[in-house]
Amino acid sequence: MKTSILHITNGDSTTNYLKKLNIQGDFITWREMLCEGKTNVHVGSEHFWKARFEFLKQSYKVTKKQFIDLTLKEYRNLCNQKSQEEIVLWFEYDLFCQINMIAVISWLKKYRKGRKISLVCSGKVKGSNKLLGLSELSAKQLKEHYKNKIELTIDDIAYADYVWQLYCSNDPIKLQNVYQYQQNTTFTYLIDSLLAHLQRFPSISNGLNKIENSVLDIAVNSKLNSQEELVSAILQQENQYGFGDLQYRKQVTDLKDYFSSFSPVKLNKTGVKVQQQILNTYANMRDDFSFLGGAKKYNFLYDNSTQKLLKITSL
């Protein structure tokens, strides 16, 4: 007798690929980007979805209909999937996927207690110099990943839930302690993603975070003739985040005060000073409504020399 399986994937491309390969089971596509915007620890709660819609509406002009059709309907479908004996998670190595992954595991811990949960996670592949996403794997490689899926222990599930709770807390310094001292070998790429997350807080040197500094560095060091070329260059260099052109286009827009032109791409005098770490632009960038997980982005500074977060005590 075959075991019934529910597959929860990181996106439509993975879902379609698995169906094309005739992987047996039911499918749910997790359409969220919990690595951006405010999150709530209670995944699936009314408060959780309200906060997510407000962020997506404000930052990416997502309409209520789009949110309901693409995200909420799929989540309700997940809630109705109760009969399967095994749940297989399909996620990738980058920050985008890893944060979604621990959120889903946290939900499963609460609502599907006792089920067999397995993980298929792509990244390092023999013969490849770069980390690969699931849709980049050949059919043979994908099936091999599935064959070698990892069954999560009770401790693994508890660990992922714990990290999710810390990600949603208002104090990311606690998350820093996990990065440094409480690692888990099952989740191969989670620790690197936590470091990438911590580096998204503004640096103590010039008030921009790692991604924002990278945008300015690429603008200076590459001969680019349009904003689209700039976004493409960022996509090629910053693959640890798993962001798409939509996210990086927003990053560039948020930094428009530092550009004199996008045709060709050129920084203004202020942008050059910030890029050279001569000028600290924290005061200009600060936004009290910008969140990373449960923490206000501008309540903390990242010190690159020590790889540690510092809390700003007086604001």
# chains A, B, ... in the order shown; residues from 1 in each chain; ligands from 1
>>> select_by_dssp(residues="range 44-122 of chain A", states="helix (DSSP H, G or I)", output="PyMOL selection string")
chain A and resi 46-60+64-80+95-111
>>> residues_around(residues="range 300-303 of chain A", least_positions_apart="3", cutoff="12 Å", atoms="only C-alpha atoms", output="count of residues only")
40
>>> residues_around(residues="range 240-250 of chain A", least_positions_apart="4", cutoff="10 Å", atoms="only C-alpha atoms", output="MDAnalysis selection string")
chainID A and resid 33 35:36 59:60 92:98 131 133 189 192:193 196:197 211:212 215 227:228 230:232 234:235 254:256
>>> atom_distance(atom1="CA of Val43 in chain A", atom2="CA of Gly123 in chain A")
26.0 Å
